[in-house]
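> What follows is the file coords13.tsv, containing TSV, C-alpha atoms and all ligand atoms:
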```tsv
chain	number	residue	atom	x	y	z
O	1	MET	CA	-37.00	45.74	19.75
O	2	ILE	CA	-38.02	45.20	23.37
O	3	GLU	CA	-38.53	48.15	25.67
O	4	THR	CA	-39.69	48.22	29.28
O	5	GLN	CA	-40.44	51.36	31.24
O	6	ALA	CA	-40.59	51.10	35.05
O	7	LEU	CA	-42.20	47.68	34.61
O	8	GLY	CA	-43.52	46.31	37.89
O	9	LYS	CA	-45.49	43.41	39.35
O	10	ARG	CA	-46.96	43.09	42.80
O	11	TYR	CA	-48.65	40.11	44.39
O	12	GLY	CA	-50.64	41.75	47.19
O	13	ASP	CA	-48.01	43.53	49.27
O	14	PHE	CA	-45.16	41.55	47.79
O	15	VAL	CA	-43.17	43.30	45.06
O	16	ALA	CA	-41.87	40.68	42.60
O	17	VAL	CA	-40.66	43.17	39.96
O	18	ASP	CA	-39.83	46.67	41.11
O	19	GLY	CA	-39.84	49.13	38.21
O	20	ILE	CA	-37.48	47.62	35.63
O	21	THR	CA	-36.39	49.76	32.67
O	22	PHE	CA	-34.30	48.50	29.76
O	23	LYS	CA	-34.16	48.28	25.99
O	24	VAL	CA	-32.95	45.50	23.69
O	25	GLU	CA	-32.24	46.25	20.03
O	26	PRO	CA	-32.65	43.85	17.09
O	27	GLY	CA	-29.55	41.70	16.66
O	28	GLN	CA	-28.90	41.72	20.41
O	29	VAL	CA	-29.13	38.83	22.85
O	30	LEU	CA	-29.77	40.03	26.39
O	31	GLY	CA	-28.91	37.67	29.23
O	32	PHE	CA	-31.15	37.84	32.25
O	33	LEU	CA	-29.31	36.76	35.39
O	34	GLY	CA	-30.27	36.72	39.02
O	35	PRO	CA	-30.70	34.48	42.03
O	36	ASN	CA	-33.78	32.28	42.47
O	37	GLY	CA	-36.85	34.43	42.99
O	38	ALA	CA	-35.18	37.58	41.58
O	39	GLY	CA	-38.10	38.30	39.25
O	40	LYS	CA	-36.68	37.06	35.94
O	41	SER	CA	-39.57	34.80	34.95
O	42	THR	CA	-42.15	37.33	36.08
O	43	THR	CA	-40.53	40.03	33.92
O	44	MET	CA	-40.36	37.70	30.93
O	45	LYS	CA	-44.01	36.67	31.39
O	46	MET	CA	-45.06	40.32	31.35
O	47	ILE	CA	-43.09	41.06	28.17
O	48	ALA	CA	-44.50	37.92	26.53
O	49	GLY	CA	-48.03	39.05	27.40
O	50	PHE	CA	-48.75	36.15	29.78
O	51	LEU	CA	-49.03	38.28	32.89
O	52	ALA	CA	-50.39	41.79	33.28
O	53	PRO	CA	-48.03	44.35	34.86
O	54	THR	CA	-49.28	46.23	37.91
O	55	SER	CA	-47.19	49.29	36.97
O	56	GLY	CA	-45.12	50.59	34.09
O	57	SER	CA	-45.20	49.29	30.55
O	58	ALA	CA	-43.52	47.02	28.02
O	59	ARG	CA	-43.40	47.23	24.23
O	60	VAL	CA	-42.29	44.68	21.67
O	61	CYS	CA	-41.62	45.87	18.10
O	62	GLY	CA	-43.41	49.05	19.12
O	63	PHE	CA	-46.58	47.29	20.34
O	64	ASP	CA	-47.67	47.87	23.92
O	65	VAL	CA	-48.11	44.43	25.52
O	66	GLU	CA	-51.34	45.48	27.24
O	67	GLU	CA	-52.95	47.93	24.85
O	68	GLN	CA	-51.94	46.09	21.65
O	69	SER	CA	-51.80	42.66	23.20
O	70	LEU	CA	-52.64	40.64	20.09
O	71	GLU	CA	-50.15	42.43	17.83
O	72	ALA	CA	-47.48	42.15	20.51
O	73	ARG	CA	-48.04	38.43	21.06
O	74	ARG	CA	-47.92	37.78	17.30
O	75	VAL	CA	-44.34	38.99	17.06
O	76	VAL	CA	-43.13	37.13	20.16
O	77	GLY	CA	-41.95	33.54	20.52
O	78	TYR	CA	-41.95	32.49	24.18
O	79	LEU	CA	-40.40	29.53	25.93
O	80	PRO	CA	-41.85	29.48	29.44
O	81	GLU	CA	-40.07	28.05	32.44
O	82	GLY	CA	-40.51	24.25	32.40
O	83	ALA	CA	-41.99	24.46	28.87
O	84	PRO	CA	-45.52	23.24	29.59
O	85	SER	CA	-47.27	21.71	26.60
O	86	TYR	CA	-50.03	19.22	25.80
O	87	GLY	CA	-48.54	15.99	27.08
O	88	GLU	CA	-50.95	13.62	25.41
O	89	MET	CA	-50.17	14.95	21.92
O	90	ASP	CA	-47.24	13.55	20.01
O	91	VAL	CA	-44.55	15.99	18.93
O	92	ARG	CA	-45.74	16.43	15.36
O	93	GLN	CA	-49.38	16.89	16.43
O	94	PHE	CA	-48.29	19.50	18.94
O	95	LEU	CA	-46.24	21.46	16.41
O	96	GLU	CA	-49.13	21.31	13.91
O	97	PHE	CA	-51.45	22.59	16.64
O	98	ILE	CA	-49.05	25.47	17.38
O	99	ALA	CA	-48.77	26.29	13.65
O	100	ASP	CA	-52.56	26.59	13.51
O	101	ALA	CA	-52.80	28.57	16.75
O	102	ARG	CA	-50.10	30.93	15.41
O	103	GLU	CA	-51.98	31.20	12.10
O	104	VAL	CA	-48.93	30.25	10.07
O	105	PRO	CA	-50.01	30.69	6.40
O	106	ALA	CA	-50.94	27.39	4.70
O	107	ASN	CA	-48.18	27.70	2.08
O	108	LEU	CA	-45.51	28.02	4.81
O	109	ARG	CA	-46.97	25.57	7.35
O	110	ASN	CA	-45.05	22.40	6.42
O	111	LYS	CA	-41.83	24.29	5.78
O	112	ARG	CA	-41.93	26.02	9.17
O	113	ILE	CA	-42.76	22.79	11.02
O	114	ASP	CA	-40.00	20.85	9.21
O	115	ASP	CA	-37.55	23.66	9.84
O	116	ALA	CA	-38.29	23.69	13.61
O	117	ILE	CA	-38.01	19.86	13.72
O	118	ASP	CA	-34.70	20.05	11.92
O	119	ARG	CA	-33.25	22.88	14.01
O	120	LEU	CA	-34.11	21.18	17.30
O	121	ASN	CA	-33.27	17.62	16.11
O	122	LEU	CA	-36.73	16.25	16.89
O	123	GLU	CA	-36.93	13.78	13.99
O	124	SER	CA	-36.45	10.69	16.20
O	125	VAL	CA	-39.32	11.55	18.59
O	126	LEU	CA	-41.97	12.93	16.22
O	127	GLN	CA	-44.50	10.16	16.93
O	128	GLN	CA	-43.87	10.07	20.69
O	129	PRO	CA	-46.37	11.56	23.19
O	130	ILE	CA	-44.78	14.61	24.81
O	131	ASP	CA	-45.48	13.26	28.31
O	132	THR	CA	-43.14	10.35	27.64
O	133	LEU	CA	-40.19	12.45	26.44
O	134	SER	CA	-37.03	13.04	28.47
O	135	LYS	CA	-36.62	16.47	30.08
O	136	GLY	CA	-34.15	17.57	27.40
O	137	PHE	CA	-36.48	16.62	24.55
O	138	LYS	CA	-39.42	18.36	26.23
O	139	ARG	CA	-37.30	21.49	26.41
O	140	ARG	CA	-36.42	21.17	22.74
O	141	VAL	CA	-40.11	20.78	21.83
O	142	GLY	CA	-40.73	23.96	23.84
O	143	LEU	CA	-38.05	25.74	21.84
O	144	ALA	CA	-39.47	24.42	18.57
O	145	GLN	CA	-42.91	25.88	19.35
O	146	ALA	CA	-41.29	29.20	20.30
O	147	ILE	CA	-39.55	29.63	16.93
O	148	LEU	CA	-42.20	27.99	14.72
O	149	HIS	CA	-43.78	31.22	13.45
O	150	ASP	CA	-40.37	32.84	12.90
O	151	PRO	CA	-41.01	35.63	15.44
O	152	LYS	CA	-39.00	38.86	15.51
O	153	VAL	CA	-38.69	38.67	19.29
O	154	LEU	CA	-37.76	35.62	21.36
O	155	ILE	CA	-38.21	35.35	25.12
O	156	LEU	CA	-36.49	32.19	26.34
O	157	ASP	CA	-36.76	31.30	30.02
O	158	GLU	CA	-33.79	29.03	30.83
O	159	PRO	CA	-33.65	27.47	27.34
O	160	THR	CA	-30.80	25.09	28.17
O	161	ASP	CA	-32.17	23.90	31.51
O	162	GLY	CA	-32.14	20.09	31.58
O	163	LEU	CA	-30.10	19.69	28.41
O	164	ASP	CA	-26.92	17.60	28.28
O	165	PRO	CA	-23.66	19.37	27.30
O	166	ASN	CA	-24.01	18.50	23.59
O	167	GLN	CA	-27.59	19.76	23.47
O	168	LYS	CA	-26.62	22.89	25.39
O	169	HIS	CA	-24.00	23.59	22.74
O	170	GLU	CA	-26.52	23.02	19.94
O	171	VAL	CA	-29.10	25.34	21.48
O	172	ARG	CA	-26.49	28.06	22.02
O	173	THR	CA	-25.45	27.73	18.38
O	174	LEU	CA	-29.11	28.00	17.39
O	175	ILE	CA	-29.58	31.16	19.49
O	176	ASN	CA	-26.45	32.69	17.96
O	177	ALA	CA	-27.70	31.91	14.46
O	178	MET	CA	-31.14	33.41	15.18
O	179	ALA	CA	-29.67	36.49	16.84
O	180	ARG	CA	-28.76	38.07	13.51
O	181	ASP	CA	-32.29	39.20	12.71
O	182	LYS	CA	-34.12	38.88	16.04
O	183	THR	CA	-34.29	40.51	19.44
O	184	ILE	CA	-33.72	37.88	22.11
O	185	ILE	CA	-33.89	37.69	25.91
O	186	VAL	CA	-32.47	34.58	27.56
O	187	SER	CA	-32.61	33.88	31.28
O	188	THR	CA	-30.00	31.56	32.68
O	189	HIS	CA	-28.25	30.37	35.81
O	190	VAL	CA	-25.34	29.10	33.73
O	191	LEU	CA	-22.81	31.90	33.71
O	192	GLU	CA	-20.70	30.43	30.89
O	193	GLU	CA	-23.82	30.89	28.75
O	194	VAL	CA	-23.48	34.64	29.13
O	195	HIS	CA	-20.19	34.46	27.26
O	196	ALA	CA	-21.44	31.97	24.74
O	197	VAL	CA	-24.57	33.81	23.60
O	198	CYS	CA	-25.14	37.20	25.21
O	199	HIS	CA	-24.11	40.62	23.96
O	200	ARG	CA	-25.27	42.17	27.19
O	201	ALA	CA	-26.38	40.97	30.60
O	202	ILE	CA	-28.76	42.38	33.15
O	203	ILE	CA	-28.42	41.17	36.71
O	204	ILE	CA	-31.53	41.48	38.82
O	205	ALA	CA	-32.22	40.72	42.46
O	206	ARG	CA	-35.32	41.36	44.54
O	207	GLY	CA	-37.04	42.67	41.42
O	208	ARG	CA	-34.48	45.41	40.68
O	209	VAL	CA	-31.79	45.87	38.05
O	210	LEU	CA	-28.41	45.84	39.78
O	211	ALA	CA	-26.17	45.77	36.70
O	212	ASP	CA	-26.59	46.25	32.97
O	213	ALA	CA	-23.36	45.70	31.05
O	214	THR	CA	-21.53	43.61	28.47
O	215	PRO	CA	-20.01	40.32	29.72
O	216	ALA	CA	-16.54	41.89	29.38
O	217	GLU	CA	-17.56	44.94	31.44
O	218	LEU	CA	-18.98	42.69	34.14
O	219	GLU	CA	-15.79	40.64	34.23
O	220	SER	CA	-13.74	43.79	34.55
O	221	ARG	CA	-15.48	44.36	37.90
O	222	SER	CA	-14.04	41.09	39.18
O	223	ARG	CA	-11.12	41.32	41.55
O	224	TYR	CA	-9.51	38.66	39.30
O	225	HIS	CA	-9.52	41.08	36.34
O	226	GLN	CA	-5.88	41.46	35.18
O	227	ALA	CA	-4.65	39.10	37.91
O	228	VAL	CA	-1.99	36.57	36.91
O	229	SER	CA	-2.36	32.96	37.92
O	230	LEU	CA	0.19	30.18	37.64
O	231	THR	CA	1.22	26.78	38.85
O	232	ALA	CA	4.84	26.22	39.86
O	233	THR	CA	6.81	23.23	41.16
O	234	ASP	CA	8.31	25.29	43.96
O	235	VAL	CA	5.36	27.29	45.33
O	236	LYS	CA	7.39	28.97	48.07
O	237	ALA	CA	10.05	30.27	45.65
O	238	ALA	CA	7.39	31.45	43.19
O	239	LYS	CA	5.56	33.35	45.93
O	240	GLU	CA	8.78	34.94	47.03
O	241	ALA	CA	9.55	36.07	43.45
O	242	LEU	CA	6.05	37.52	42.98
O	243	SER	CA	6.18	39.41	46.27
O	244	ARG	CA	9.10	41.42	44.86
O	245	VAL	CA	7.14	42.73	41.87
O	246	PRO	CA	6.29	46.35	42.82
O	247	ASP	CA	2.79	46.41	41.24
O	248	VAL	CA	1.63	43.16	42.86
O	249	ALA	CA	-0.83	44.06	45.62
O	250	SER	CA	-1.42	40.59	47.06
O	251	ILE	CA	-0.80	36.91	46.44
O	252	GLU	CA	-3.10	33.98	47.15
O	253	VAL	CA	-2.44	30.26	46.97
O	254	ASP	CA	-5.36	27.89	46.37
O	255	ALA	CA	-5.30	25.36	49.19
O	256	GLN	CA	-6.66	22.60	46.94
O	257	ASP	CA	-4.58	22.74	43.77
O	258	GLY	CA	-1.70	25.00	44.82
O	259	ARG	CA	-2.49	27.52	42.08
O	260	ILE	CA	-0.93	30.89	42.81
O	261	THR	CA	-2.73	34.12	41.92
O	262	ALA	CA	-1.05	37.52	41.99
O	263	PHE	CA	-3.41	40.52	42.15
O	264	PRO	CA	-2.32	43.87	40.70
O	265	LYS	CA	-2.54	47.22	42.43
O	266	PRO	CA	-5.54	49.19	41.05
O	267	GLY	CA	-5.12	50.06	37.38
O	268	ARG	CA	-1.70	48.33	37.04
O	269	GLN	CA	-0.59	45.60	34.61
O	270	ILE	CA	1.65	42.92	36.10
O	271	PHE	CA	1.87	40.12	33.54
O	272	VAL	CA	5.18	41.13	31.96
O	273	ALA	CA	6.84	41.92	35.30
O	274	VAL	CA	5.62	38.67	36.86
O	275	ASN	CA	6.92	36.67	33.91
O	276	ALA	CA	10.30	38.45	34.12
O	277	ALA	CA	10.57	37.91	37.89
O	278	LEU	CA	9.92	34.19	37.52
O	279	GLN	CA	12.45	33.82	34.70
O	280	GLU	CA	15.07	35.82	36.55
O	281	ARG	CA	14.96	33.31	39.41
O	282	SER	CA	14.68	30.34	37.02
O	283	ILE	CA	11.42	29.23	38.58
O	284	VAL	CA	9.80	26.37	36.68
O	285	VAL	CA	6.22	27.32	35.84
O	286	ARG	CA	3.76	24.83	34.35
O	287	GLU	CA	1.26	27.44	33.19
O	288	LEU	CA	0.91	31.17	33.40
O	289	ALA	CA	-2.33	32.98	32.59
O	290	LEU	CA	-3.68	36.50	32.56
O	291	GLU	CA	-7.16	36.45	34.10
O	292	GLY	CA	-10.05	38.23	32.34
O	293	GLY	CA	-12.19	38.18	35.47
O	294	ARG	CA	-14.64	35.71	36.96
O	295	LEU	CA	-18.34	36.17	36.32
O	296	ASP	CA	-19.38	33.88	39.18
O	297	GLU	CA	-17.52	36.07	41.65
O	298	VAL	CA	-19.00	39.27	40.14
O	299	PHE	CA	-22.47	37.72	40.24
O	300	ARG	CA	-22.06	36.82	43.94
O	301	SER	CA	-20.66	40.20	44.77
O	302	ILE	CA	-23.48	42.07	43.02
O	303	THR	CA	-26.37	39.96	44.21
O	304	GLN	CA	-25.21	39.48	47.79
O	305	GLY	CA	-24.13	43.08	48.24
O	306	GLY	CA	-20.54	44.27	48.33
O	307	ALA	CA	-18.21	46.48	46.36
O	308	ALA	CA	-19.69	45.87	42.95
O	309	THR	CA	-23.33	46.62	43.76
O	310	GLU	CA	-23.64	50.00	42.09
O	311	ALA	CA	-26.35	49.97	39.42
O	312	ARG	CA	-25.47	51.17	35.94
O	313	ALA	CA	-28.92	50.93	34.43
Z	1	LIG	N1	-48.42	33.96	41.51
Z	1	LIG	C1	-47.57	34.39	42.45
Z	1	LIG	N2	-48.02	34.78	43.66
Z	1	LIG	C2	-47.19	35.24	44.62
Z	1	LIG	N3	-45.85	35.35	44.45
Z	1	LIG	C3	-45.34	34.97	43.26
Z	1	LIG	C4	-46.17	34.48	42.21
Z	1	LIG	N4	-45.37	34.19	41.15
Z	1	LIG	C5	-44.12	34.49	41.54
Z	1	LIG	N5	-44.10	34.96	42.80
Z	1	LIG	C6	-42.90	35.40	43.54
Z	1	LIG	O1	-42.27	36.43	42.80
Z	1	LIG	C7	-40.85	36.34	42.99
Z	1	LIG	C8	-40.18	36.33	41.63
Z	1	LIG	O2	-40.45	35.08	41.01
Z	1	LIG	P1	-39.82	34.69	39.61
Z	1	LIG	O3	-40.37	33.35	39.24
Z	1	LIG	O4	-40.04	35.79	38.66
Z	1	LIG	O5	-38.26	34.58	39.95
Z	1	LIG	P2	-37.06	34.06	39.05
Z	1	LIG	O6	-36.02	35.11	39.08
Z	1	LIG	O7	-37.56	33.64	37.72
Z	1	LIG	O8	-36.58	32.79	39.89
Z	1	LIG	P3	-35.93	31.39	39.40
Z	1	LIG	O9	-34.51	31.69	39.05
Z	1	LIG	O10	-36.02	30.55	40.64
Z	1	LIG	O11	-36.75	30.86	38.27
Z	1	LIG	C9	-40.59	35.08	43.81
Z	1	LIG	O12	-40.39	35.46	45.16
Z	1	LIG	C10	-41.87	34.29	43.65
Z	1	LIG	O13	-42.11	33.47	44.78
```
Output the file's structure in the form of structure tokens.

Amino acid sequence: MIETQALGKRYGDFVAVDGITFKVEPGQVLGFLGPNGAGKSTTMKMIAGFLAPTSGSARVCGFDVEEQSLEARRVVGYLPEGAPSYGEMDVRQFLEFIADAREVPANLRNKRIDDAIDRLNLESVLQQPIDTLSKGFKRRVGLAQAILHDPKVLILDEPTDGLDPNQKHEVRTLINAMARDKTIIVSTHVLEEVHAVCHRAIIIARGRVLADATPAELESRSRYHQAVSLTATDVKAAKEALSRVPDVASIEVDAQDGRITAFPKPGRQIFVAVNAALQERSIVVRELALEGGRLDEVFRSITQGGAATEARA
């Protein structure tokens, strides 16, 4: 369990984190989204016990991160931004050092190290100094040290940053597998990641929570939610057919690929009627899709101001 209560951080007059309150239950993966400089890393550092809050509080597994700092840090695995580590050590030496620093019991030490090596596919670079590793491998070493002591809580600051698509997929699978018995916060700029791993997402900007919802709830705020998009050989005829469907509010055609999107009037469903209208006029359609909503558009709308900016936290 992770719980923050009006958690805040100031640097002089500058407010980096402005009274953030949220709770994450075991078994949940919370996605932390927000533009550059929103306060994501600062919040994660405070929860991980690496930075003292200037106001409010945070608890992990019931331990206050300031008043019970040691107990709190014991139950947390933390992957910092950029994953700094001791570059002159080789990977195995570094993981052994972490096992000792984390006081992993002697009878579990080798098993935990081997398990982390296996989960992050580090076998091929075990003897290599960390400084000489590629960015992706450095990130994986950072993840290995975060999970080495099998913590109940994981704070992962952009865990897939710098990874290639295959590695991204592997790390997401790993997070999903670990989610069953852990409480996890993941910050990311990759919106598809929210779908792949998060049960819930918090969007923050200028140090404040602007939205706290499931990925599906966020998508439902998109103007594309329940829109119907299609590609047709005769764009003009397709547009004409769609314009006659009573519940279609507007129609847009993508200038680049000619894709047509029909937007419903508020609260209306148009898929069946659109399909029928196209068939009635024998319009040849290459694909026809019901849109769930677009997270990138919701993210922009929420963080840059606009219709969807109301906070739900
Ligand atoms: N030590 C510091 N002194 C002064 N300002 C700081 C310090 N550390 C962070 N900040 C500022 O606090 C704000 C929040 O930074 P933070 O790193 O938490 O953002 P972020 O959401 O993680 O951004 P990004 O997505 O770019 O990683 C930024 O404006 C940053 O410049």
> Near stretch 86-94 of chain O, within 10 Å and counting only C-alpha atoms, which residues show up once chain neighbours fewer than 5 positions away are dropped, as a short mmCIF file (atom, residue, chain, number, x, y, z; two decimals) with C-alpha atoms, in the coordinates of the input?

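result.cif was written with the following content:
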```
data_model
loop_
_atom_site.label_atom_id
_atom_site.label_comp_id
_atom_site.auth_asym_id
_atom_site.auth_seq_id
_atom_site.Cartn_x
_atom_site.Cartn_y
_atom_site.Cartn_z
CA ALA O 99 -48.77 26.29 13.65
CA ASP O 100 -52.56 26.59 13.51
CA ILE O 113 -42.76 22.79 11.02
CA ASP O 114 -40.00 20.85 9.21
CA ILE O 117 -38.01 19.86 13.72
CA LEU O 122 -36.73 16.25 16.89
CA GLU O 123 -36.93 13.78 13.99
CA VAL O 125 -39.32 11.55 18.59
CA LEU O 126 -41.97 12.93 16.22
CA GLN O 127 -44.50 10.16 16.93
CA GLN O 128 -43.87 10.07 20.69
CA PRO O 129 -46.37 11.56 23.19
CA ILE O 130 -44.78 14.61 24.81
CA ASP O 131 -45.48 13.26 28.31
CA THR O 132 -43.14 10.35 27.64
CA LEU O 133 -40.19 12.45 26.44
CA PHE O 137 -36.48 16.62 24.55
CA LYS O 138 -39.42 18.36 26.23
CA VAL O 141 -40.11 20.78 21.83
CA ALA O 144 -39.47 24.42 18.57
CA GLN O 145 -42.91 25.88 19.35
#
```
> Give me, as a PDB file with C-alpha atoms, keeping the file's coordinate frame, all polymer residues having an atom no more than 10 Å from O:Arg109, counting all atoms listed in the file and skipping those fewer than 2 positions away in the same chain.

```pdb
ATOM      1  CA  LEU O  95     -46.240  21.460  16.410  1.00  0.00           C
ATOM      2  CA  GLU O  96     -49.130  21.310  13.910  1.00  0.00           C
ATOM      3  CA  ALA O  99     -48.770  26.290  13.650  1.00  0.00           C
ATOM      4  CA  ASP O 100     -52.560  26.590  13.510  1.00  0.00           C
ATOM      5  CA  GLU O 103     -51.980  31.200  12.100  1.00  0.00           C
ATOM      6  CA  VAL O 104     -48.930  30.250  10.070  1.00  0.00           C
ATOM      7  CA  PRO O 105     -50.010  30.690   6.400  1.00  0.00           C
ATOM      8  CA  ALA O 106     -50.940  27.390   4.700  1.00  0.00           C
ATOM      9  CA  ASN O 107     -48.180  27.700   2.080  1.00  0.00           C
ATOM     10  CA  LYS O 111     -41.830  24.290   5.780  1.00  0.00           C
ATOM     11  CA  ARG O 112     -41.930  26.020   9.170  1.00  0.00           C
ATOM     12  CA  ILE O 113     -42.760  22.790  11.020  1.00  0.00           C
ATOM     13  CA  ASP O 114     -40.000  20.850   9.210  1.00  0.00           C
ATOM     14  CA  ASP O 115     -37.550  23.660   9.840  1.00  0.00           C
ATOM     15  CA  LEU O 148     -42.200  27.990  14.720  1.00  0.00           C
ATOM     16  CA  HIS O 149     -43.780  31.220  13.450  1.00  0.00           C
TER      17      HIS O 149
END
```
> Of the candidates O:Arg140, O:Arg294, O:His189, O:Lys236, which shows the shortest atom-to-atom distance to ligand LIG 1 (chain Z), using all atoms listed in the file?
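Using all atoms listed in the file, the shortest distance to ligand LIG 1 (chain Z) belongs to O:His189.
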> Return the single residue from O:Val197, O:Ile20, O:Ile147, O:Ile203 that is closest to O:Asn36, with distances computed using only C-alpha atoms.
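Going through O:Val197, O:Ile20, O:Ile147, O:Ile203 one by one, the smallest distance to O:Asn36 is for O:Ile203.
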> What do you get as a PyMOL selection string if you pick all residues at most 9 Å from ligand LIG 1 (chain Z), counting all atoms listed in the file?
chain O and resi 9-12+14-17+32-45+81+157-158+187-189+204-207
> Between O:Leu174, O:Val186, O:Ile270, O:Val298, which one has atoms that come closest to O:Leu242, using all atoms listed in the file?
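Among the listed residues, O:Ile270 lies closest to O:Leu242.
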> Go through O:Thr173, O:Ser220, O:Thr4, O:Gln167 one by one, measure the shortest atom-to-atom distance of each to O:Gly293 using all atoms listed in the file, and give the residue with the smallest value.
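Comparing O:Thr173, O:Ser220, O:Thr4, O:Gln167 against O:Gly293, the winner is O:Ser220.
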> Give the answer as one residue: which of O:Thr183, O:Gln279, O:Asn176, O:Thr214 has the shortest atom-to-atom distance to O:Ala196, using only C-alpha atoms?
O:Asn176
> Could you please determine the separation between atom CA of O:Lys23 and atom CA of O:Ala52 in Å, to one decimal place?
18.9 Å
> Taking N, CA and C atoms as the atom set, what does stretch 156-173 of chain O look like once completed, written as an mmCIF file, in the frame of the given file?

```
data_model
loop_
_atom_site.group_PDB
_atom_site.id
_atom_site.type_symbol
_atom_site.label_atom_id
_atom_site.label_comp_id
_atom_site.auth_asym_id
_atom_site.auth_seq_id
_atom_site.Cartn_x
_atom_site.Cartn_y
_atom_site.Cartn_z
ATOM 1 N N LEU O 156 -36.807 33.590 26.021
ATOM 2 C CA LEU O 156 -36.490 32.190 26.340
ATOM 3 C C LEU O 156 -36.100 32.080 27.813
ATOM 4 N N ASP O 157 -36.981 31.431 28.579
ATOM 5 C CA ASP O 157 -36.760 31.300 30.020
ATOM 6 C C ASP O 157 -35.976 30.008 30.280
ATOM 7 N N GLU O 158 -34.717 30.154 30.584
ATOM 8 C CA GLU O 158 -33.790 29.030 30.830
ATOM 9 C C GLU O 158 -33.849 27.982 29.711
ATOM 10 N N PRO O 159 -33.498 28.389 28.473
ATOM 11 C CA PRO O 159 -33.650 27.470 27.340
ATOM 12 C C PRO O 159 -32.780 26.219 27.420
ATOM 13 N N THR O 160 -31.663 26.273 28.143
ATOM 14 C CA THR O 160 -30.800 25.090 28.170
ATOM 15 C C THR O 160 -30.964 24.267 29.444
ATOM 16 N N ASP O 161 -31.937 24.636 30.270
ATOM 17 C CA ASP O 161 -32.170 23.900 31.510
ATOM 18 C C ASP O 161 -32.515 22.438 31.174
ATOM 19 N N GLY O 162 -31.829 21.514 31.780
ATOM 20 C CA GLY O 162 -32.140 20.090 31.580
ATOM 21 C C GLY O 162 -31.482 19.478 30.367
ATOM 22 N N LEU O 163 -30.742 20.252 29.594
ATOM 23 C CA LEU O 163 -30.100 19.690 28.410
ATOM 24 C C LEU O 163 -28.706 19.150 28.767
ATOM 25 N N ASP O 164 -28.280 18.097 28.051
ATOM 26 C CA ASP O 164 -26.920 17.600 28.280
ATOM 27 C C ASP O 164 -25.935 18.546 27.580
ATOM 28 N N PRO O 165 -24.632 18.399 27.848
ATOM 29 C CA PRO O 165 -23.660 19.370 27.300
ATOM 30 C C PRO O 165 -23.717 19.501 25.777
ATOM 31 N N ASN O 166 -23.946 18.404 25.059
ATOM 32 C CA ASN O 166 -24.010 18.500 23.590
ATOM 33 C C ASN O 166 -25.235 19.312 23.163
ATOM 34 N N GLN O 167 -26.354 19.031 23.816
ATOM 35 C CA GLN O 167 -27.590 19.760 23.470
ATOM 36 C C GLN O 167 -27.473 21.229 23.840
ATOM 37 N N LYS O 168 -26.833 21.489 24.981
ATOM 38 C CA LYS O 168 -26.620 22.890 25.390
ATOM 39 C C LYS O 168 -25.874 23.623 24.286
ATOM 40 N N HIS O 169 -24.818 22.976 23.793
ATOM 41 C CA HIS O 169 -24.000 23.590 22.740
ATOM 42 C C HIS O 169 -24.849 23.845 21.495
ATOM 43 N N GLU O 170 -25.682 22.858 21.142
ATOM 44 C CA GLU O 170 -26.520 23.020 19.940
ATOM 45 C C GLU O 170 -27.507 24.169 20.096
ATOM 46 N N VAL O 171 -28.114 24.276 21.278
ATOM 47 C CA VAL O 171 -29.100 25.340 21.480
ATOM 48 C C VAL O 171 -28.421 26.713 21.485
ATOM 49 N N ARG O 172 -27.223 26.793 22.057
ATOM 50 C CA ARG O 172 -26.490 28.060 22.020
ATOM 51 C C ARG O 172 -26.145 28.448 20.587
ATOM 52 N N THR O 173 -25.759 27.455 19.790
ATOM 53 C CA THR O 173 -25.450 27.730 18.380
ATOM 54 C C THR O 173 -26.709 28.224 17.665
#
```
